[in-house]
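Data file: structure-v5.cif. Format and content: mmCIF, C-alpha atoms and all ligand atoms.
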data_input
#
loop_
_atom_site.label_atom_id
_atom_site.label_comp_id
_atom_site.auth_asym_id
_atom_site.auth_seq_id
_atom_site.Cartn_x
_atom_site.Cartn_y
_atom_site.Cartn_z
CA MET A 1 159.07 86.90 140.13
CA LYS A 2 157.96 89.93 142.03
CA ASN A 3 158.99 92.46 139.41
CA GLU A 4 155.96 91.94 137.24
CA TRP A 5 155.06 94.78 134.89
CA PRO A 6 151.69 96.34 135.72
CA LEU A 7 148.57 95.37 133.82
CA TRP A 8 147.03 97.88 131.40
CA GLU A 9 143.55 97.84 129.93
CA ILE A 10 143.52 98.69 126.24
CA PHE A 11 140.86 100.69 124.40
CA ILE A 12 140.91 101.05 120.63
CA ARG A 13 139.02 103.37 118.33
CA GLY A 14 138.30 101.12 115.40
CA GLN A 15 137.32 103.79 112.90
CA HIS A 16 137.06 107.53 112.74
CA GLY A 17 133.85 108.67 114.37
CA MET A 18 133.51 105.63 116.66
CA SER A 19 134.09 105.42 120.40
CA HIS A 20 137.08 103.70 121.89
CA ARG A 21 136.19 100.15 122.83
CA HIS A 22 137.80 97.84 125.37
CA VAL A 23 139.73 95.11 123.53
CA GLY A 24 141.76 93.43 126.24
CA SER A 25 144.75 94.00 128.44
CA LEU A 26 148.50 93.59 128.48
CA HIS A 27 151.55 94.12 130.65
CA ALA A 28 153.95 97.02 130.19
CA PRO A 29 156.36 98.97 132.39
CA ASP A 30 154.75 102.34 131.61
CA ALA A 31 152.09 104.04 129.51
CA GLU A 32 154.38 104.71 126.59
CA MET A 33 155.37 101.06 126.32
CA ALA A 34 151.76 100.00 126.88
CA ILE A 35 150.76 101.95 123.77
CA LYS A 36 153.60 100.42 121.77
CA ASN A 37 152.69 96.93 122.95
CA ALA A 38 149.00 97.56 122.29
CA ARG A 39 149.85 98.45 118.73
CA ASP A 40 151.60 95.10 118.28
CA VAL A 41 149.10 92.99 120.19
CA TYR A 42 145.79 94.53 119.17
CA THR A 43 146.21 96.36 115.85
CA ARG A 44 148.22 94.06 113.60
CA ARG A 45 145.51 94.19 110.94
CA ASN A 46 144.41 97.80 110.86
CA GLU A 47 141.98 97.36 113.73
CA GLY A 48 142.50 100.86 115.03
CA VAL A 49 143.09 104.53 114.46
CA SER A 50 143.63 105.48 118.12
CA ILE A 51 144.71 103.72 121.31
CA TRP A 52 143.96 104.50 124.97
CA VAL A 53 145.74 102.69 127.77
CA VAL A 54 144.70 102.78 131.42
CA GLU A 55 146.50 101.05 134.24
CA ALA A 56 144.13 98.30 135.37
CA ASN A 57 144.27 99.17 139.05
CA HIS A 58 142.98 102.67 138.27
CA ILE A 59 139.69 101.30 137.00
CA ALA A 60 136.81 101.25 139.44
CA ALA A 61 134.07 98.80 138.54
CA SER A 62 130.55 98.18 139.75
CA SER A 63 130.05 94.91 141.52
CA PRO A 64 127.75 92.20 140.08
CA SER A 65 125.86 92.08 143.41
CA ASP A 66 124.82 95.73 142.91
CA LYS A 67 122.97 94.79 139.76
CA GLY A 68 119.57 95.15 141.44
CA PRO A 69 119.99 98.57 143.10
CA LEU A 70 121.79 99.96 140.05
CA TYR A 71 119.64 98.86 137.16
CA GLU A 72 116.21 97.92 138.49
CA PRO A 73 115.03 101.51 139.03
CA SER A 74 115.11 102.12 135.28
CA GLU A 75 113.05 99.03 134.49
CA SER A 76 109.85 100.60 135.78
CA LYS A 77 110.30 103.85 133.85
CA VAL A 78 108.92 102.73 130.54
CA TYR A 79 107.84 106.32 129.76
CA ARG A 80 111.51 107.08 129.07
CA HIS A 81 111.13 105.26 125.78
CA PRO A 82 109.43 107.00 122.86
CA THR A 83 107.36 103.89 122.15
CA PHE A 84 105.46 104.56 125.40
CA PHE A 85 103.43 107.29 123.70
CA ASP A 86 100.67 106.76 121.19
CA ILE A 87 100.96 109.36 118.48
CA PRO A 88 98.10 109.43 115.95
CA GLU A 89 99.16 108.66 112.42
CA GLU A 90 97.78 111.98 111.10
CA VAL A 91 100.38 113.81 113.17
CA GLY A 92 103.12 112.51 110.92
CA ALA A 93 106.78 111.90 111.71
CA MET A 94 107.87 112.76 115.24
CA MET B 1 143.77 70.08 121.74
CA TYR B 2 145.92 73.04 122.65
CA ALA B 3 144.64 72.18 126.09
CA GLN B 4 144.77 68.40 126.36
CA MET B 5 143.54 66.27 129.23
CA VAL B 6 142.66 69.19 131.43
CA GLN B 7 141.46 67.66 134.63
CA SER B 8 138.22 69.12 135.96
CA GLU B 9 138.54 70.21 139.55
CA ALA B 10 136.00 68.94 142.01
CA THR B 11 133.87 71.61 143.51
CA GLN B 12 132.74 71.94 147.12
CA ASP B 13 130.48 74.90 146.94
CA ASP B 14 127.04 75.68 148.25
CA PRO B 15 124.64 73.47 146.21
CA GLU B 16 122.16 76.32 145.85
CA LYS B 17 124.76 78.65 144.38
CA LEU B 18 126.00 75.86 142.13
CA ALA B 19 122.52 75.29 140.77
CA ALA B 20 122.02 79.00 140.08
CA PHE B 21 125.40 79.11 138.36
CA GLN B 22 124.58 76.11 136.19
CA ALA B 23 121.23 77.69 135.30
CA ARG B 24 123.03 80.80 134.05
CA ILE B 25 125.30 78.68 131.87
CA ASP B 26 122.39 76.62 130.56
CA ALA B 27 120.62 79.85 129.66
CA GLY B 28 123.62 80.83 127.55
CA GLU B 29 124.72 83.68 129.81
CA LYS B 30 128.38 84.58 129.92
CA ILE B 31 130.19 84.35 133.23
CA GLU B 32 132.32 87.44 133.85
CA PRO B 33 135.37 87.66 136.12
CA LYS B 34 133.65 89.39 139.04
CA ASP B 35 130.65 87.03 139.04
CA TRP B 36 130.39 84.26 141.58
CA MET B 37 131.77 81.01 140.21
CA PRO B 38 132.51 77.59 141.69
CA GLU B 39 136.09 77.11 142.81
CA GLY B 40 136.35 74.10 140.50
CA TYR B 41 135.26 76.15 137.49
CA ARG B 42 137.87 78.78 138.26
CA LYS B 43 140.68 76.29 138.82
CA THR B 44 139.84 74.18 135.79
CA LEU B 45 139.68 77.23 133.56
CA ILE B 46 142.97 78.63 134.82
CA ARG B 47 144.56 75.32 133.96
CA GLN B 48 142.86 75.10 130.57
CA ILE B 49 143.41 78.69 129.46
CA GLY B 50 146.94 78.64 130.86
CA GLN B 51 147.78 75.48 128.94
CA HIS B 52 146.27 76.97 125.83
CA ALA B 53 148.34 80.14 126.26
CA HIS B 54 151.54 78.17 126.84
CA SER B 55 150.83 76.20 123.65
CA GLU B 56 150.63 79.41 121.63
CA ILE B 57 153.95 80.57 123.05
CA VAL B 58 155.85 77.28 122.80
CA GLY B 59 154.27 76.76 119.38
CA GLN B 60 156.36 79.65 118.10
CA LEU B 61 159.52 77.58 118.50
CA PRO B 62 159.09 74.93 115.79
CA GLU B 63 158.07 77.59 113.26
CA GLY B 64 160.48 80.27 114.40
CA ASN B 65 163.11 77.66 113.65
CA TRP B 66 162.58 78.26 109.91
CA ILE B 67 162.10 82.01 109.67
CA THR B 68 165.70 82.70 108.72
CA ARG B 69 165.70 79.84 106.24
CA ALA B 70 162.43 80.49 104.45
CA PRO B 71 162.87 79.90 100.71
CA THR B 72 161.82 83.42 99.63
CA LEU B 73 161.53 86.85 101.18
CA GLU B 74 157.76 86.68 100.80
CA ARG B 75 157.51 83.34 102.61
CA LYS B 76 159.75 84.75 105.30
CA ALA B 77 157.54 87.79 105.83
CA ILE B 78 154.45 85.57 105.93
CA LEU B 79 155.95 83.15 108.43
CA LEU B 80 157.15 86.03 110.58
CA ALA B 81 153.63 87.48 110.65
CA LYS B 82 152.17 84.09 111.47
CA VAL B 83 154.56 83.48 114.34
CA GLN B 84 153.92 87.00 115.63
CA ASP B 85 150.20 86.22 115.65
CA GLU B 86 150.90 83.21 117.86
CA ALA B 87 152.66 85.46 120.36
CA GLY B 88 149.53 87.63 120.30
CA HIS B 89 147.33 84.59 120.86
CA GLY B 90 149.39 83.68 123.89
CA LEU B 91 148.96 87.19 125.26
CA TYR B 92 145.19 87.30 124.71
CA LEU B 93 144.89 84.03 126.59
CA TYR B 94 147.17 84.99 129.47
CA CYS B 95 145.01 88.10 129.91
CA ALA B 96 141.88 85.95 130.02
CA ALA B 97 143.45 83.70 132.65
CA GLU B 98 144.59 86.71 134.67
CA THR B 99 141.02 87.89 135.10
CA MET B 100 140.56 84.81 137.30
CA GLY B 101 143.15 85.96 139.78
CA VAL B 102 146.38 84.35 138.64
CA SER B 103 149.21 86.48 137.32
CA ARG B 104 150.96 85.99 134.00
CA ASP B 105 154.30 85.56 135.74
CA GLU B 106 152.85 82.84 137.97
CA LEU B 107 151.60 81.01 134.89
CA THR B 108 154.96 81.46 133.17
CA GLU B 109 156.75 80.11 136.22
CA MET B 110 154.54 77.00 136.17
CA LEU B 111 155.32 76.43 132.50
CA LEU B 112 159.04 76.88 133.04
CA ASP B 113 159.29 74.44 135.92
CA GLY B 114 157.05 71.86 134.25
CA ARG B 115 154.02 72.15 136.54
CA MET B 116 151.88 73.23 133.59
CA LYS B 117 151.77 71.62 130.18
CA TYR B 118 151.46 72.76 126.59
CA SER B 119 150.13 70.82 123.62
CA SER B 120 151.95 67.59 122.77
CA ILE B 121 152.25 68.62 119.12
CA PHE B 122 154.98 71.17 119.79
CA ASN B 123 157.30 68.46 121.04
CA TYR B 124 157.75 67.26 117.47
CA PRO B 125 160.51 68.75 115.33
CA THR B 126 160.20 70.75 112.11
CA LEU B 127 162.93 69.16 110.05
CA ASN B 128 162.57 71.07 106.80
CA TRP B 129 160.53 73.66 104.93
CA ALA B 130 157.80 71.18 103.98
CA ASP B 131 157.15 70.70 107.69
CA ILE B 132 156.40 74.41 108.03
CA GLY B 133 153.71 74.11 105.39
CA ALA B 134 152.34 70.97 107.03
CA VAL B 135 152.28 72.62 110.46
CA GLY B 136 150.29 75.63 109.29
CA TRP B 137 147.88 73.49 107.33
CA LEU B 138 147.45 70.51 109.69
CA VAL B 139 148.33 71.80 113.15
CA ASP B 140 146.61 75.16 112.87
CA GLY B 141 143.83 73.37 110.99
CA ALA B 142 143.35 71.04 113.95
CA ALA B 143 143.52 73.96 116.36
CA ILE B 144 140.78 75.74 114.44
CA MET B 145 138.47 72.72 114.84
CA ASN B 146 138.67 73.17 118.58
CA GLN B 147 138.80 76.94 118.78
CA VAL B 148 135.77 77.69 116.65
CA PRO B 149 133.29 76.05 119.06
CA LEU B 150 135.16 77.53 122.03
CA GLN B 151 134.11 80.99 120.88
CA ARG B 152 130.82 80.04 122.55
CA THR B 153 132.43 79.01 125.84
CA SER B 154 130.73 80.23 129.02
CA PHE B 155 133.57 82.35 130.39
CA GLY B 156 133.38 85.82 128.81
CA PRO B 157 137.08 86.72 128.62
CA TYR B 158 137.97 83.26 127.22
CA SER B 159 135.21 83.49 124.64
CA ARG B 160 136.37 86.95 123.54
CA ALA B 161 139.98 85.79 123.26
CA MET B 162 138.82 82.87 121.12
CA ILE B 163 136.88 85.17 118.82
CA ARG B 164 139.99 87.29 118.22
CA ILE B 165 142.11 84.20 117.70
CA CYS B 166 139.72 82.58 115.26
CA LYS B 167 139.74 85.71 113.13
CA GLU B 168 143.47 85.24 112.64
CA GLU B 169 143.67 81.48 112.31
CA SER B 170 142.44 80.96 108.78
CA PHE B 171 145.41 83.00 107.56
CA HIS B 172 147.60 80.47 109.39
CA ALA B 173 146.01 77.41 107.87
CA ARG B 174 145.91 78.93 104.38
CA GLN B 175 149.51 80.06 104.32
CA GLY B 176 150.54 76.54 105.37
CA PHE B 177 148.39 74.90 102.73
CA ASP B 178 149.74 77.30 100.12
CA ALA B 179 153.34 76.51 101.07
CA ILE B 180 152.88 72.76 100.94
CA ARG B 181 150.83 72.98 97.76
CA LYS B 182 153.74 74.69 96.07
CA MET B 183 155.92 71.74 97.00
CA ALA B 184 153.34 69.08 96.15
CA GLU B 185 153.08 70.64 92.69
CA GLY B 186 156.85 71.10 92.39
CA THR B 187 159.69 68.81 91.38
CA PRO B 188 159.56 65.11 92.31
CA ALA B 189 162.01 65.80 95.12
CA GLN B 190 159.83 68.59 96.48
CA LYS B 191 156.72 66.45 96.25
CA LYS B 192 158.52 63.72 98.14
CA MET B 193 159.33 66.18 100.92
CA ALA B 194 155.70 67.26 101.11
CA GLN B 195 154.60 63.63 101.36
CA ASP B 196 157.16 62.92 104.05
CA ALA B 197 155.99 65.92 106.10
CA VAL B 198 152.35 64.83 105.92
CA ASN B 199 153.30 61.27 106.85
CA ARG B 200 155.22 62.37 109.91
CA LEU B 201 152.79 65.01 111.15
CA TRP B 202 149.47 63.27 110.54
CA PHE B 203 149.29 61.20 113.70
CA PRO B 204 150.77 63.87 115.98
CA ALA B 205 148.09 66.22 114.59
CA LEU B 206 145.38 63.67 115.44
CA MET B 207 146.80 63.44 118.96
CA MET B 208 146.13 67.13 119.46
CA PHE B 209 142.48 66.36 120.14
CA GLY B 210 143.42 64.28 123.17
CA PRO B 211 142.67 60.67 124.04
CA SER B 212 139.73 58.78 122.66
CA ASP B 213 136.37 59.49 124.30
CA LYS B 214 136.30 56.09 125.92
CA ASP B 215 139.49 56.98 127.81
CA SER B 216 138.73 60.62 128.38
CA VAL B 217 137.60 60.93 131.96
CA HIS B 218 137.41 64.68 132.44
CA SER B 219 134.80 65.66 129.92
CA ALA B 220 131.41 65.57 131.61
CA GLN B 221 131.88 68.40 134.10
CA SER B 222 133.72 70.58 131.59
CA MET B 223 130.99 70.06 129.04
CA ALA B 224 128.30 70.96 131.57
CA TRP B 225 130.22 74.14 132.31
CA LYS B 226 130.62 74.82 128.57
CA ILE B 227 134.36 75.09 128.76
CA LYS B 228 134.54 72.06 126.51
CA ILE B 229 132.02 72.05 123.71
CA ASN B 230 132.65 68.88 121.71
CA THR B 231 134.20 65.54 122.61
CA ASN B 232 137.72 64.67 121.48
CA ASP B 233 136.53 62.08 118.98
CA GLU B 234 133.89 64.37 117.49
CA LEU B 235 136.49 67.01 116.71
CA ARG B 236 139.04 64.48 115.48
CA GLN B 237 136.49 63.03 113.06
CA LYS B 238 135.62 66.49 111.82
CA PHE B 239 139.29 67.21 111.19
CA VAL B 240 139.80 63.93 109.32
CA ASP B 241 136.70 64.53 107.18
CA GLN B 242 137.89 68.00 106.25
CA THR B 243 141.52 67.12 105.64
CA VAL B 244 141.39 63.88 103.64
CA PRO B 245 139.96 65.56 100.51
CA GLN B 246 142.63 68.26 100.83
CA ILE B 247 145.38 65.63 100.86
CA GLU B 248 143.82 64.11 97.79
CA PHE B 249 143.61 67.49 96.12
CA LEU B 250 147.35 67.89 96.62
CA GLY B 251 147.89 64.55 94.86
CA LEU B 252 149.60 63.12 97.92
CA ASP B 253 149.10 59.64 99.32
CA LEU B 254 147.01 59.33 102.46
CA PRO B 255 149.29 59.04 105.47
CA ASP B 256 147.16 56.25 106.94
CA PRO B 257 146.29 53.33 104.60
CA THR B 258 143.19 52.50 106.64
CA ILE B 259 141.47 55.79 105.78
CA LYS B 260 138.32 54.94 103.90
CA TRP B 261 135.00 56.65 103.26
CA ASN B 262 132.26 54.99 105.26
CA GLU B 263 129.02 55.51 103.38
CA GLU B 264 126.89 54.35 106.28
CA ARG B 265 128.42 56.69 108.86
CA GLY B 266 128.90 59.52 106.41
CA HIS B 267 132.45 59.91 107.68
CA TYR B 268 135.93 58.66 106.91
CA ASP B 269 137.12 55.69 108.92
CA TYR B 270 140.68 56.14 110.13
CA SER B 271 143.15 54.68 112.60
CA ASP B 272 143.82 56.13 115.99
CA PRO B 273 147.32 57.36 116.67
CA ASP B 274 149.56 55.30 118.90
CA TRP B 275 148.31 56.45 122.28
CA SER B 276 151.31 55.09 124.13
CA GLU B 277 153.44 57.53 122.14
CA PHE B 278 151.06 60.34 123.09
CA PHE B 279 151.33 59.55 126.79
CA GLU B 280 155.11 59.38 126.54
CA VAL B 281 155.20 62.84 124.93
CA ILE B 282 152.88 64.22 127.62
CA LYS B 283 155.18 62.77 130.27
CA GLY B 284 158.10 64.69 128.81
CA ASN B 285 159.65 62.02 126.61
CA GLY B 286 158.82 63.34 123.14
CA PRO B 287 161.55 64.19 120.64
CA CYS B 288 161.76 67.89 121.60
CA ASN B 289 160.37 68.29 125.14
CA VAL B 290 163.75 69.02 126.65
CA ASP B 291 164.71 71.50 123.93
CA ARG B 292 161.42 73.36 124.10
CA LEU B 293 161.52 73.88 127.85
CA ALA B 294 165.18 74.79 127.73
CA ALA B 295 164.48 77.39 125.04
CA ARG B 296 161.63 78.95 127.06
CA ASN B 297 163.74 79.02 130.21
CA LYS B 298 166.65 80.59 128.37
CA ALA B 299 164.42 83.25 126.82
CA TRP B 300 162.95 84.06 130.22
CA ASP B 301 166.33 84.23 131.95
CA ASP B 302 168.01 86.19 129.16
CA GLY B 303 165.14 88.68 129.16
CA ALA B 304 165.25 89.34 132.91
CA TRP B 305 167.56 92.34 132.66
CA VAL B 306 165.34 93.94 130.03
CA ARG B 307 162.20 93.50 132.12
CA ASP B 308 163.91 94.77 135.25
CA GLY B 309 165.63 97.63 133.44
CA LEU B 310 162.45 98.91 131.82
CA LEU B 311 160.56 98.74 135.10
CA ALA B 312 163.35 100.58 136.95
CA HIS B 313 163.35 103.24 134.23
CA ALA B 314 159.58 103.61 134.42
CA LYS B 315 159.69 104.01 138.20
CA LYS B 316 162.48 106.58 138.00
CA LYS B 317 160.62 108.55 135.36
CA ALA B 318 157.42 108.48 137.40
CA ALA B 319 159.27 109.68 140.52
CA ARG B 320 160.87 112.53 138.57
CA GLN B 321 157.53 113.58 137.18
CA HIS B 322 156.00 113.42 140.63
CA ALA B 323 158.76 115.62 142.05
CA ALA B 324 158.28 118.21 139.30
CA GLU B 325 154.55 118.56 139.99
FE FE C 401 147.31 80.46 117.61
FE FE C 402 147.72 79.67 114.50
#
Rewrite the structure of this file - the entire thing - as structure tokens.
Amino acid sequence: MKNEWPLWEIFIRGQHGMSHRHVGSLHAPDAEMAIKNARDVYTRRNEGVSIWVVEANHIAASSPSDKGPLYEPSESKVYRHPTFFDIPEEVGAM
Amino acid sequence: MYAQMVQSEATQDDPEKLAAFQARIDAGEKIEPKDWMPEGYRKTLIRQIGQHAHSEIVGQLPEGNWITRAPTLERKAILLAKVQDEAGHGLYLYCAAETMGVSRDELTEMLLDGRMKYSSIFNYPTLNWADIGAVGWLVDGAAIMNQVPLQRTSFGPYSRAMIRICKEESFHARQGFDAIRKMAEGTPAQKKMAQDAVNRLWFPALMMFGPSDKDSVHSAQSMAWKIKINTNDELRQKFVDQTVPQIEFLGLDLPDPTIKWNEERGHYDYSDPDWSEFFEVIKGNGPCNVDRLAARNKAWDDGAWVRDGLLAHAKKKAARQHAAE
């Protein structure tokens, strides 16, 4: 069985105004069929208003072992959060 | 359950890594496909998720059997939607298994040549319309018992597939209950059919949870890994406790005369199914094993030209587009 259809990752916009969200994957011979299949597999109950399909081997992903170098630098930068600053109550909403 | 008697694979990994992995699971973290995992975890899960996926797919056969003969157009549309959901469930689960480095076609091949199993329940026939009601109500009902806790399983893609599946399952159980209720409240002949369906499917439904805990040897490792959440007997008891009052509501006789409320335990006592029958079915000697596998093989073989044709067309189209750029 070497003629396997490629794998596609499926992203669905659940409602107007929301981002597309990854919902799963499926096999299809091409993008057009991937969208048709995604409609049947992932939106049988009105779960979406828009579908994106991306061939899985076109997705580049960060590796779990890079977790430290990637995300630790932001841990020490607490001043990026508004709660870092003390604003006197008299100043009002900010 | 849909995955019965899944043997846990032994693991020969670095003890330090194993301990760190177990600590993540104990802390309730999800394991994602690219994370390090013990070889035994990966192999056991491929087998379990694969068997679960195959069950969804083969499970379409006994119900598909009645789509064209549903008593009304509405029942037909409902059954069609239900069976289509099961195809979707199979696909969600194959995708989850594929994240562990096995391809869907490899899994299919192992189903078709008998190396992988599917749930014993689908080797029983659906003889008439009452059976379709009983299957939705009892079989999907039993599946729900197992799938609800599995939403919390440690492997991320499996857990997410389970969450999707559980959202769709109560429709399955309810449509079955509704269909059999109609018959139980119908003419004496219809009521008799409903009773007969419950009588025949009760013990096969209990078998879905797998052998009794005292004979179930594979649980400890799987439970530590959180790919099995409850024991077989726990889930079976839960199913019996939920279903007995429903049978009584329908005004049907209990399919097992030994069923009795046990005040002290706070549960119904019941009889185990005939486990020798279960093992025969697992071995391939149930009433429909041969038919089910033949039907899957035929569907796969008959579909080959469509799969190949669509792929050839896609390649040709891509090449043409490439040339035009
Ligand atoms: Fe299902
Ligand atoms: Fe179902």
How would you report the residues lying within 12 Å of ligand FE 401 (chain C), as a PDB file with C-alpha atoms, keeping the file's coordinate frame, if you count all atoms listed in the file?
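The resulting selection.pdb:
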ATOM      1  CA  MET B   1     143.770  70.080 121.740  1.00  0.00           C
ATOM      2  CA  TYR B   2     145.920  73.040 122.650  1.00  0.00           C
ATOM      3  CA  HIS B  52     146.270  76.970 125.830  1.00  0.00           C
ATOM      4  CA  ALA B  53     148.340  80.140 126.260  1.00  0.00           C
ATOM      5  CA  HIS B  54     151.540  78.170 126.840  1.00  0.00           C
ATOM      6  CA  SER B  55     150.830  76.200 123.650  1.00  0.00           C
ATOM      7  CA  GLU B  56     150.630  79.410 121.630  1.00  0.00           C
ATOM      8  CA  ILE B  57     153.950  80.570 123.050  1.00  0.00           C
ATOM      9  CA  VAL B  58     155.850  77.280 122.800  1.00  0.00           C
ATOM     10  CA  GLY B  59     154.270  76.760 119.380  1.00  0.00           C
ATOM     11  CA  GLN B  60     156.360  79.650 118.100  1.00  0.00           C
ATOM     12  CA  GLU B  63     158.070  77.590 113.260  1.00  0.00           C
ATOM     13  CA  ALA B  81     153.630  87.480 110.650  1.00  0.00           C
ATOM     14  CA  LYS B  82     152.170  84.090 111.470  1.00  0.00           C
ATOM     15  CA  VAL B  83     154.560  83.480 114.340  1.00  0.00           C
ATOM     16  CA  GLN B  84     153.920  87.000 115.630  1.00  0.00           C
ATOM     17  CA  ASP B  85     150.200  86.220 115.650  1.00  0.00           C
ATOM     18  CA  GLU B  86     150.900  83.210 117.860  1.00  0.00           C
ATOM     19  CA  ALA B  87     152.660  85.460 120.360  1.00  0.00           C
ATOM     20  CA  GLY B  88     149.530  87.630 120.300  1.00  0.00           C
ATOM     21  CA  HIS B  89     147.330  84.590 120.860  1.00  0.00           C
ATOM     22  CA  GLY B  90     149.390  83.680 123.890  1.00  0.00           C
ATOM     23  CA  LEU B  91     148.960  87.190 125.260  1.00  0.00           C
ATOM     24  CA  TYR B  92     145.190  87.300 124.710  1.00  0.00           C
ATOM     25  CA  LEU B  93     144.890  84.030 126.590  1.00  0.00           C
ATOM     26  CA  SER B 119     150.130  70.820 123.620  1.00  0.00           C
ATOM     27  CA  VAL B 135     152.280  72.620 110.460  1.00  0.00           C
ATOM     28  CA  GLY B 136     150.290  75.630 109.290  1.00  0.00           C
ATOM     29  CA  VAL B 139     148.330  71.800 113.150  1.00  0.00           C
ATOM     30  CA  ASP B 140     146.610  75.160 112.870  1.00  0.00           C
ATOM     31  CA  GLY B 141     143.830  73.370 110.990  1.00  0.00           C
ATOM     32  CA  ALA B 142     143.350  71.040 113.950  1.00  0.00           C
ATOM     33  CA  ALA B 143     143.520  73.960 116.360  1.00  0.00           C
ATOM     34  CA  ILE B 144     140.780  75.740 114.440  1.00  0.00           C
ATOM     35  CA  ASN B 146     138.670  73.170 118.580  1.00  0.00           C
ATOM     36  CA  GLN B 147     138.800  76.940 118.780  1.00  0.00           C
ATOM     37  CA  VAL B 148     135.770  77.690 116.650  1.00  0.00           C
ATOM     38  CA  ALA B 161     139.980  85.790 123.260  1.00  0.00           C
ATOM     39  CA  MET B 162     138.820  82.870 121.120  1.00  0.00           C
ATOM     40  CA  ILE B 163     136.880  85.170 118.820  1.00  0.00           C
ATOM     41  CA  ARG B 164     139.990  87.290 118.220  1.00  0.00           C
ATOM     42  CA  ILE B 165     142.110  84.200 117.700  1.00  0.00           C
ATOM     43  CA  CYS B 166     139.720  82.580 115.260  1.00  0.00           C
ATOM     44  CA  LYS B 167     139.740  85.710 113.130  1.00  0.00           C
ATOM     45  CA  GLU B 168     143.470  85.240 112.640  1.00  0.00           C
ATOM     46  CA  GLU B 169     143.670  81.480 112.310  1.00  0.00           C
ATOM     47  CA  SER B 170     142.440  80.960 108.780  1.00  0.00           C
ATOM     48  CA  PHE B 171     145.410  83.000 107.560  1.00  0.00           C
ATOM     49  CA  HIS B 172     147.600  80.470 109.390  1.00  0.00           C
ATOM     50  CA  ALA B 173     146.010  77.410 107.870  1.00  0.00           C
TER      51      ALA B 173
END
field: Interatomic distance, CA of Ile31 (chain B) to CA of Ser154 (chain B) (Å, one decimal)
entry: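 So the answer is 5.9 Å.
Counting from CA of Gly210 (chain B), the distance to CA of Arg47 (chain B) is 15.5 Å.
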message: Under the rule that only C-alpha atoms are counted, which of B:Val244, B:Cys95, B:Ala319, B:Ile227 is the nearest residue to chain A?
response: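 Smallest separation from chain A among the options: B:Cys95.
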message: Nearest residue to chain A out of B:Pro245, B:Pro157, B:Gly40, B:Pro125, using all atoms listed in the file?
response: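 Of the candidates, the smallest distance to chain A is held by B:Pro157.
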- prompt: For the point (149.3, 61.1, 101.2) in file coordinates, what residues are within 12 Å, counting only C-alpha atoms? Give the answer as a PyMOL selection string?
  reply: chain B and resi 134+184+191-202+243-259
- prompt: What does the distance from CA of Phe203 (chain B) to CA of Thr108 (chain B) come to in Å, to one decimal?
  reply: 28.7 Å
query: Counting all atoms listed in the file, which residues of chain A come no farther than 7 Å from chain B, as number ranges by chain?
result: A: 1, 3-5, 25-26, 29-30, 41, 64
Take the residues from that selection and write them out as a compact mmCIF listing (two decimals), in the coordinates of the input, keeping C-alpha atoms.
# COMPACT_ATOMS: atom_id res chain seq x y z
CA MET A 1 159.07 86.90 140.13
CA ASN A 3 158.99 92.46 139.41
CA GLU A 4 155.96 91.94 137.24
CA TRP A 5 155.06 94.78 134.89
CA SER A 25 144.75 94.00 128.44
CA LEU A 26 148.50 93.59 128.48
CA PRO A 29 156.36 98.97 132.39
CA ASP A 30 154.75 102.34 131.61
CA VAL A 41 149.10 92.99 120.19
CA PRO A 64 127.75 92.20 140.08
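Comparing B:Gly176, B:Leu112, B:Phe155, B:Ala130 by their smallest distance to ligand FE 402 (chain C), the closest is B:Gly176 (using all atoms listed in the file).
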Shell of 12 Å around region 21-27 of chain B, all atoms listed in the file, local chain residues under 4 positions omitted, as number ranges by chain: B: 13-17, 31-32, 35-39, 41, 152-156, 221-227
Kindly save the residues from that selection, with C-alpha atoms included, as a PDB file, in the coordinates of the input.
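The new file result_39.pdb reads:
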ATOM      1  CA  ASP B  13     130.480  74.900 146.940  1.00  0.00           C
ATOM      2  CA  ASP B  14     127.040  75.680 148.250  1.00  0.00           C
ATOM      3  CA  PRO B  15     124.640  73.470 146.210  1.00  0.00           C
ATOM      4  CA  GLU B  16     122.160  76.320 145.850  1.00  0.00           C
ATOM      5  CA  LYS B  17     124.760  78.650 144.380  1.00  0.00           C
ATOM      6  CA  ILE B  31     130.190  84.350 133.230  1.00  0.00           C
ATOM      7  CA  GLU B  32     132.320  87.440 133.850  1.00  0.00           C
ATOM      8  CA  ASP B  35     130.650  87.030 139.040  1.00  0.00           C
ATOM      9  CA  TRP B  36     130.390  84.260 141.580  1.00  0.00           C
ATOM     10  CA  MET B  37     131.770  81.010 140.210  1.00  0.00           C
ATOM     11  CA  PRO B  38     132.510  77.590 141.690  1.00  0.00           C
ATOM     12  CA  GLU B  39     136.090  77.110 142.810  1.00  0.00           C
ATOM     13  CA  TYR B  41     135.260  76.150 137.490  1.00  0.00           C
ATOM     14  CA  ARG B 152     130.820  80.040 122.550  1.00  0.00           C
ATOM     15  CA  THR B 153     132.430  79.010 125.840  1.00  0.00           C
ATOM     16  CA  SER B 154     130.730  80.230 129.020  1.00  0.00           C
ATOM     17  CA  PHE B 155     133.570  82.350 130.390  1.00  0.00           C
ATOM     18  CA  GLY B 156     133.380  85.820 128.810  1.00  0.00           C
ATOM     19  CA  GLN B 221     131.880  68.400 134.100  1.00  0.00           C
ATOM     20  CA  SER B 222     133.720  70.580 131.590  1.00  0.00           C
ATOM     21  CA  MET B 223     130.990  70.060 129.040  1.00  0.00           C
ATOM     22  CA  ALA B 224     128.300  70.960 131.570  1.00  0.00           C
ATOM     23  CA  TRP B 225     130.220  74.140 132.310  1.00  0.00           C
ATOM     24  CA  LYS B 226     130.620  74.820 128.570  1.00  0.00           C
ATOM     25  CA  ILE B 227     134.360  75.090 128.760  1.00  0.00           C
TER      26      ILE B 227
END
